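Shown next: protein.cif, containing mmCIF, C-alpha atoms.
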```
data_run
#
loop_
_atom_site.label_atom_id
_atom_site.label_comp_id
_atom_site.auth_asym_id
_atom_site.auth_seq_id
_atom_site.Cartn_x
_atom_site.Cartn_y
_atom_site.Cartn_z
CA MET E 1 17.60 2.40 -29.16
CA LYS E 2 18.62 1.13 -25.73
CA SER E 3 18.56 3.45 -22.74
CA LYS E 4 21.97 4.57 -21.50
CA PHE E 5 20.73 4.35 -17.93
CA SER E 6 21.21 1.08 -16.06
CA PRO E 7 18.32 -0.20 -13.92
CA TYR E 8 20.96 -1.20 -11.37
CA VAL E 9 22.17 2.37 -10.79
CA PRO E 10 20.21 4.42 -8.24
CA ARG E 11 19.16 8.03 -8.81
CA LEU E 12 19.87 10.59 -6.11
CA ALA E 13 17.03 11.84 -3.93
CA THR E 14 16.90 14.15 -0.92
CA LEU E 15 15.00 13.66 2.32
CA LYS E 16 12.67 16.65 2.57
CA ALA E 17 10.62 15.81 5.66
CA LYS E 18 9.92 13.05 8.18
CA ARG E 19 7.00 12.56 10.55
CA LYS E 20 6.48 9.93 13.23
CA LEU E 21 3.29 7.91 12.72
CA SER E 22 3.68 5.49 15.64
CA ASP E 23 6.38 4.24 17.98
CA PHE E 24 8.05 2.31 15.16
CA VAL E 25 6.68 3.75 11.88
CA THR E 26 7.81 7.03 10.30
CA LEU E 27 6.61 8.81 7.16
CA PHE E 28 9.44 10.01 4.90
CA GLU E 29 9.07 12.54 2.10
CA PHE E 30 11.71 12.55 -0.64
CA ALA E 31 12.33 14.54 -3.80
CA GLN E 32 14.38 13.30 -6.74
CA ASP E 33 17.39 15.51 -7.38
CA ASN E 34 16.68 15.44 -11.13
CA GLY E 35 13.48 17.41 -10.49
CA LYS E 36 11.30 14.76 -12.14
CA PRO E 37 8.23 13.04 -10.65
CA LEU E 38 8.64 9.42 -9.63
CA ALA E 39 5.97 8.50 -12.24
CA HIS E 40 4.66 5.62 -10.16
CA ARG E 41 1.22 4.06 -10.01
CA PRO E 42 -0.61 2.93 -6.86
CA GLY E 43 0.69 -0.39 -5.64
CA GLN E 44 4.22 -0.07 -7.02
CA PHE E 45 7.40 0.03 -4.95
CA ILE E 46 10.91 1.46 -5.05
CA GLN E 47 14.35 0.26 -4.05
CA LEU E 48 15.92 2.76 -1.66
CA SER E 49 19.63 2.83 -0.84
CA ILE E 50 21.18 4.14 2.35
CA PHE E 51 24.76 4.74 1.28
CA GLY E 52 27.25 2.64 3.19
CA VAL E 53 24.49 0.51 4.70
CA GLY E 54 22.41 -1.21 2.02
CA GLU E 55 19.28 -1.24 -0.11
CA ALA E 56 15.71 -2.40 0.56
CA PRO E 57 12.31 -2.31 -1.17
CA PHE E 58 9.56 -0.01 0.10
CA SER E 59 5.99 0.54 -1.03
CA ILE E 60 5.10 4.04 -2.18
CA THR E 61 2.36 5.57 -0.05
CA SER E 62 1.84 8.86 -1.86
CA PRO E 63 -0.51 9.18 -4.86
CA PRO E 64 0.90 9.79 -8.35
CA ILE E 65 1.00 13.52 -9.07
CA SER E 66 2.42 14.35 -12.50
CA ASP E 67 3.61 17.87 -11.66
CA HIS E 68 5.10 17.04 -8.25
CA HIS E 69 8.50 15.41 -7.84
CA HIS E 70 8.09 14.62 -4.14
CA PHE E 71 7.04 11.13 -3.02
CA GLU E 72 6.43 9.40 0.31
CA ILE E 73 7.20 6.07 1.92
CA ALA E 74 6.19 4.94 5.41
CA VAL E 75 8.65 2.58 7.05
CA ARG E 76 8.73 0.45 10.17
CA LYS E 77 12.03 0.43 12.06
CA ILE E 78 12.86 -3.25 12.11
CA GLY E 79 16.28 -3.97 10.54
CA THR E 80 19.64 -2.52 9.53
CA VAL E 81 18.49 -0.49 6.52
CA THR E 82 15.27 0.73 8.13
CA THR E 83 17.12 1.75 11.30
CA ALA E 84 19.63 3.72 9.23
CA LEU E 85 16.74 5.34 7.34
CA HIS E 86 15.08 6.41 10.60
CA ASN E 87 18.37 7.95 11.73
CA LEU E 88 18.67 10.19 8.64
CA ASN E 89 18.28 13.92 9.05
CA VAL E 90 16.32 16.13 6.67
CA GLY E 91 18.61 17.04 3.76
CA ALA E 92 20.29 13.62 3.63
CA LYS E 93 20.89 11.96 0.27
CA VAL E 94 19.66 8.49 -0.67
CA GLY E 95 19.56 6.36 -3.79
CA VAL E 96 16.34 5.39 -5.55
CA ARG E 97 15.61 2.74 -8.17
CA GLY E 98 12.19 2.19 -9.68
CA PRO E 99 9.27 2.40 -9.49
CA TYR E 100 8.85 -1.31 -10.07
CA GLY E 101 6.08 -3.85 -10.33
CA SER E 102 2.41 -4.02 -11.22
CA TYR E 103 -0.25 -1.76 -9.77
CA PHE E 104 -3.91 -1.57 -8.90
CA PRO E 105 -5.98 -1.22 -12.11
CA MET E 106 -7.35 2.28 -11.57
CA HIS E 107 -9.01 2.29 -14.99
CA ARG E 108 -11.20 -0.67 -13.99
CA PHE E 109 -12.30 1.06 -10.80
CA VAL E 110 -13.70 4.11 -12.60
CA GLY E 111 -17.46 4.30 -12.05
CA GLN E 112 -17.33 1.41 -9.59
CA ASP E 113 -17.51 1.01 -5.82
CA VAL E 114 -14.19 0.12 -4.18
CA LEU E 115 -13.65 -1.74 -0.92
CA PHE E 116 -10.23 -1.20 0.69
CA VAL E 117 -9.07 -3.84 3.18
CA ALA E 118 -5.88 -2.95 5.08
CA GLY E 119 -4.36 -5.20 7.71
CA GLY E 120 -1.44 -4.01 9.84
CA LEU E 121 0.89 -1.92 7.69
CA GLY E 122 -1.20 -2.71 4.61
CA PHE E 123 -2.63 0.80 4.70
CA ILE E 124 0.76 2.13 3.55
CA PRO E 125 0.56 0.95 -0.10
CA LEU E 126 -3.25 1.23 -0.18
CA ARG E 127 -3.00 4.91 0.80
CA SER E 128 -1.50 5.69 -2.61
CA LEU E 129 -4.58 4.34 -4.39
CA LEU E 130 -6.99 5.77 -1.83
CA ASN E 131 -5.55 9.28 -2.01
CA TYR E 132 -5.55 9.13 -5.80
CA MET E 133 -9.24 8.24 -5.79
CA LEU E 134 -10.03 10.99 -3.29
CA ARG E 135 -8.29 13.49 -5.59
CA HIS E 136 -10.57 12.29 -8.40
CA ARG E 137 -13.58 11.57 -6.20
CA ASP E 138 -16.24 12.19 -8.86
CA GLU E 139 -14.86 9.38 -11.02
CA TYR E 140 -15.64 6.63 -8.51
CA GLY E 141 -18.64 5.23 -6.71
CA LYS E 142 -18.82 4.28 -3.06
CA ILE E 143 -15.50 4.10 -1.19
CA MET E 144 -15.31 1.80 1.84
CA VAL E 145 -12.16 1.48 3.98
CA LEU E 146 -11.66 -1.36 6.48
CA VAL E 147 -8.55 -1.13 8.68
CA GLY E 148 -7.34 -3.74 11.16
CA THR E 149 -4.48 -3.18 13.59
CA ARG E 150 -2.95 -5.33 16.31
CA ASN E 151 -3.47 -2.69 19.02
CA PRO E 152 -4.28 1.04 19.23
CA LYS E 153 -0.62 2.06 19.64
CA GLU E 154 0.22 0.56 16.23
CA ARG E 155 -2.39 2.55 14.32
CA ILE E 156 -0.91 4.76 11.59
CA PHE E 157 -2.21 7.73 9.60
CA ILE E 158 -4.67 8.32 12.44
CA ASP E 159 -5.28 11.93 11.39
CA GLN E 160 -6.26 10.90 7.86
CA LEU E 161 -8.53 8.10 9.06
CA GLU E 162 -10.30 10.46 11.45
CA GLU E 163 -10.67 13.11 8.75
CA MET E 164 -12.11 10.58 6.27
CA SER E 165 -14.54 9.25 8.85
CA LYS E 166 -16.13 12.71 8.95
CA ARG E 167 -16.74 12.73 5.19
CA LYS E 168 -20.10 11.71 3.80
CA ASP E 169 -18.58 10.16 0.67
CA VAL E 170 -16.23 7.71 2.42
CA GLU E 171 -17.07 4.92 4.88
CA VAL E 172 -14.28 4.08 7.34
CA LEU E 173 -14.36 1.19 9.82
CA GLU E 174 -11.49 0.25 12.14
CA THR E 175 -10.81 -2.63 14.48
CA VAL E 176 -8.00 -3.73 16.80
CA ASP E 177 -7.10 -7.23 17.92
CA VAL E 178 -6.16 -6.19 21.46
CA PRO E 179 -7.74 -3.02 22.88
CA ASP E 180 -6.46 -0.76 25.64
CA ASP E 181 -8.27 1.61 27.99
CA THR E 182 -8.38 4.35 25.33
CA TRP E 183 -9.98 2.27 22.58
CA LYS E 184 -13.74 2.67 22.13
CA GLY E 185 -14.11 1.05 18.71
CA ASN E 186 -14.53 -2.44 17.32
CA VAL E 187 -12.46 -5.30 18.77
CA GLY E 188 -11.53 -8.36 16.76
CA VAL E 189 -9.83 -9.39 13.54
CA ILE E 190 -10.60 -7.46 10.38
CA THR E 191 -13.21 -9.97 9.17
CA THR E 192 -15.46 -8.87 12.07
CA LEU E 193 -16.02 -5.63 10.15
CA PHE E 194 -17.60 -7.30 7.13
CA PRO E 195 -21.09 -7.75 8.65
CA LYS E 196 -21.13 -3.98 9.21
CA ILE E 197 -20.89 -3.01 5.53
CA LYS E 198 -23.41 -3.07 2.72
CA ILE E 199 -22.18 -3.48 -0.82
CA ASP E 200 -23.39 -3.88 -4.36
CA ALA E 201 -21.40 -7.01 -5.18
CA GLU E 202 -21.78 -6.70 -8.95
CA ASN E 203 -20.29 -3.21 -8.92
CA THR E 204 -17.61 -3.55 -6.23
CA TYR E 205 -13.88 -4.06 -6.61
CA VAL E 206 -11.63 -5.03 -3.69
CA ALA E 207 -8.10 -3.71 -3.05
CA MET E 208 -6.43 -5.66 -0.27
CA VAL E 209 -3.03 -5.47 1.46
CA GLY E 210 -2.02 -7.07 4.73
CA PRO E 211 -0.23 -10.02 6.31
CA PRO E 212 -0.46 -13.21 4.23
CA ILE E 213 -2.52 -15.02 6.86
CA MET E 214 -5.25 -12.40 6.47
CA TYR E 215 -5.90 -12.99 2.79
CA LYS E 216 -7.65 -16.34 2.76
CA PHE E 217 -10.09 -15.25 5.47
CA VAL E 218 -10.85 -11.87 3.88
CA ILE E 219 -11.25 -13.44 0.45
CA ALA E 220 -13.71 -15.92 1.95
CA GLU E 221 -15.72 -12.99 3.37
CA CYS E 222 -15.69 -11.27 -0.02
CA LYS E 223 -17.06 -14.40 -1.64
CA LYS E 224 -19.82 -14.59 0.98
CA LEU E 225 -20.84 -11.09 -0.07
CA GLY E 226 -21.06 -12.29 -3.67
CA ILE E 227 -17.99 -10.46 -5.01
CA ASP E 228 -16.57 -12.12 -8.11
CA GLU E 229 -12.98 -13.39 -7.70
CA ARG E 230 -12.01 -11.40 -10.79
CA ARG E 231 -12.82 -8.23 -8.86
CA ILE E 232 -10.45 -8.97 -5.98
CA PHE E 233 -6.90 -7.56 -6.12
CA VAL E 234 -4.21 -8.32 -3.56
CA SER E 235 -0.64 -7.18 -3.08
CA LEU E 236 2.17 -9.57 -2.18
CA GLU E 237 4.50 -6.64 -1.55
CA ARG E 238 6.06 -8.26 1.50
CA ARG E 239 7.95 -10.67 -0.77
CA MET E 240 9.93 -7.96 -2.59
CA LYS E 241 13.73 -8.05 -2.73
CA CYS E 242 15.76 -6.98 -5.79
CA GLY E 243 12.95 -5.48 -7.88
CA LEU E 244 14.20 -6.94 -11.15
CA GLY E 245 13.36 -10.63 -10.88
CA LYS E 246 17.02 -11.64 -10.63
CA CYS E 247 17.49 -12.88 -7.07
CA GLY E 248 14.59 -15.35 -6.94
CA HIS E 249 13.63 -14.28 -3.42
CA CYS E 250 10.04 -13.46 -4.41
CA GLN E 251 9.45 -16.34 -6.83
CA ILE E 252 6.17 -18.26 -6.56
CA ASN E 253 6.11 -21.23 -8.91
CA GLY E 254 6.68 -19.56 -12.31
CA LEU E 255 5.94 -16.02 -11.13
CA SER E 256 8.28 -13.34 -9.83
CA CYS E 257 6.36 -11.06 -7.51
CA CYS E 258 8.55 -8.03 -8.22
CA VAL E 259 8.03 -8.33 -11.98
CA ASP E 260 4.62 -10.01 -12.38
CA GLY E 261 3.34 -8.35 -9.17
CA PRO E 262 3.27 -7.28 -6.44
CA VAL E 263 -0.39 -6.54 -7.26
CA PHE E 264 -2.28 -9.54 -8.58
CA CYS E 265 -5.84 -10.28 -9.49
CA TYR E 266 -6.83 -13.09 -7.13
CA THR E 267 -7.75 -15.41 -10.00
CA ASP E 268 -4.14 -15.28 -11.27
CA ILE E 269 -2.71 -16.68 -8.04
CA ALA E 270 -5.62 -18.63 -6.49
CA SER E 271 -4.21 -21.97 -7.63
CA LEU E 272 -0.68 -21.27 -6.38
CA GLN E 273 -0.31 -22.79 -2.92
CA GLU E 274 2.67 -20.62 -1.96
CA ALA E 275 0.92 -17.38 -2.86
CA ILE E 276 -1.88 -17.23 -0.30
#
```

Let's see the structure in the file written out as structure tokens.
Amino acid sequence: MKSKFSPYVPRLATLKAKRKLSDFVTLFEFAQDNGKPLAHRPGQFIQLSIFGVGEAPFSITSPPISDHHHFEIAVRKIGTVTTALHNLNVGAKVGVRGPYGSYFPMHRFVGQDVLFVAGGLGFIPLRSLLNYMLRHRDEYGKIMVLVGTRNPKERIFIDQLEEMSKRKDVEVLETVDVPDDTWKGNVGVITTLFPKIKIDAENTYVAMVGPPIMYKFVIAECKKLGIDERRIFVSLERRMKCGLGKCGHCQINGLSCCVDGPVFCYTDIASLQEAI
């Protein structure tokens, strides 16, 4: 029996809270008006509509919680839809479609070490997986988090990173490309953090999100450490558009990122020149 609900019709959601993360990035918390959880998995995305303005895809940054119908997205103010989103007041209504796309294979990570590599705003989608694993900490091995940012002012989720750095069961390393007078940490691109970590290559999975130019260099570092390509997962979430594989905006050869991805095992896209 076919569903009576069209995938093209958004569901209503209400803005419950918003919090500034940096000069241009804000964290938004929404709740679906139907009272149901979003039922997403880490790495997936939604299509969010600002009525009278337009629709755009956004990665989900909150972990899946079955008994909680609130969810979070973190958005940079950069275009028409994102500017309108930033201008919304708490209590405003939006439209939501999804969640869409593939996700990080949490079942494979159970009992394994996991290396997170986040470049720029890549921490936004990775935070969903990371927070899920922290909620179920005893199910996973060593957790290592590498974060690279252009400059200190563009760092996001600073409070969470600082809190995690104090934990004994999580290793957090940060770097910035261009420091300022306040920065006392590592300086350089994110690959400069790799010599500082120790891993068990045979038992380590990699979850990676960042600008496309970052991937080939980080993947090369992973290979140097002896990590099998089948254990490397990347997200091409920046290519998202319609969410249903209809517009062709995110097509790579025979793949549609919004349907076949955005999360891919590296071996599935390694031979596709347009992918990485």

Rows by chain and residue number, range 37-118 of chain E within 12 Å of range 181-201 of chain E, shortest pair, only C-alpha atoms, as CSV:
```
residue,atom,partner,partner_atom,distance
E:Gln112,CA,E:Asp200,CA,9.6
E:Asp113,CA,E:Asp200,CA,7.8
E:Val114,CA,E:Ile199,CA,9.4
E:Leu115,CA,E:Ile199,CA,8.7
E:Phe116,CA,E:Phe194,CA,11.5
E:Val117,CA,E:Ile190,CA,8.2
E:Ala118,CA,E:Ile190,CA,8.4
```

Store the residues of this selection in a file with C-alpha atoms, as a short mmCIF file (atom, residue, chain, number, x, y, z; two decimals), keeping the file's coordinate frame.
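See part-v8.cif below for the written result:
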```cif
data_model
loop_
_atom_site.label_atom_id
_atom_site.label_comp_id
_atom_site.auth_asym_id
_atom_site.auth_seq_id
_atom_site.Cartn_x
_atom_site.Cartn_y
_atom_site.Cartn_z
CA GLN E 112 -17.33 1.41 -9.59
CA ASP E 113 -17.51 1.01 -5.82
CA VAL E 114 -14.19 0.12 -4.18
CA LEU E 115 -13.65 -1.74 -0.92
CA PHE E 116 -10.23 -1.20 0.69
CA VAL E 117 -9.07 -3.84 3.18
CA ALA E 118 -5.88 -2.95 5.08
#
```

Review point. Given the choices E:Pro57, E:Gly210, E:Pro179, E:Gly254, which gets closest to Val147 in chain E if the distance is worked out from only C-alpha atoms?
Key: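 Using only C-alpha atoms, Val147 in chain E sits closest to E:Gly210.
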
**Study point:** Point-to-point distance from CA of Val172 in chain E to CA of Asp159 in chain E, Å rounded to tenths
**Key:** 12.6 Å

Report as a short mmCIF file (atom, residue, chain, number, x, y, z; two decimals) with C-alpha atoms, keeping the file's coordinate frame the residues that result from applying the PyMOL selection byres ((chain E and resi 37) around 10) to the structure here.
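Output contents, as saved in out_13.cif:
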```
data_model
loop_
_atom_site.label_atom_id
_atom_site.label_comp_id
_atom_site.auth_asym_id
_atom_site.auth_seq_id
_atom_site.Cartn_x
_atom_site.Cartn_y
_atom_site.Cartn_z
CA ALA E 31 12.33 14.54 -3.80
CA GLN E 32 14.38 13.30 -6.74
CA ASN E 34 16.68 15.44 -11.13
CA GLY E 35 13.48 17.41 -10.49
CA LYS E 36 11.30 14.76 -12.14
CA LEU E 38 8.64 9.42 -9.63
CA ALA E 39 5.97 8.50 -12.24
CA HIS E 40 4.66 5.62 -10.16
CA PRO E 64 0.90 9.79 -8.35
CA ILE E 65 1.00 13.52 -9.07
CA SER E 66 2.42 14.35 -12.50
CA ASP E 67 3.61 17.87 -11.66
CA HIS E 68 5.10 17.04 -8.25
CA HIS E 69 8.50 15.41 -7.84
CA HIS E 70 8.09 14.62 -4.14
CA PHE E 71 7.04 11.13 -3.02
#
```

Practice item. Would you mind reading off the distance between CA of Met208 in chain E and CA of Ser102 in chain E, one decimal, in Å? Key: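 Taking CA of Met208 in chain E as the start and CA of Ser102 in chain E as the end point, the length is 14.2 Å.
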
Review point. Do you know which residues the PyMOL selection byres ((chain E and resi 211-218) around 8) returns on this file, as a PyMOL selection string?
Key: chain E and resi 119-120+122+190-191+208-210+219-222+236+276

Point to revise | 6 Å contact set for Phe233 in chain E, all atoms listed in the file, chain neighbours under 6 positions out, as a count of residues only | key: 5

Check your understanding: Just how far from CA of Tyr103 in chain E is CA of Glu139 in chain E, in Å to one decimal?
Key ->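 Answer for the CA of Glu139 in chain E to CA of Tyr103 in chain E separation: 18.4 Å.
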
Review point. So which one's closest to Asp180 in chain E, E:Arg19, E:Lys153, E:Lys168, E:His86? Using only C-alpha atoms, please.
Key: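 Using only C-alpha atoms, the shortest distance to Asp180 in chain E belongs to E:Lys153.
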
Study note, to complete from the structure: Of E:Ser49, E:Asn89, E:Asn203, E:Ser128, the one nearest to Tyr8 in chain E when counting all atoms listed in the file is E:Ser49
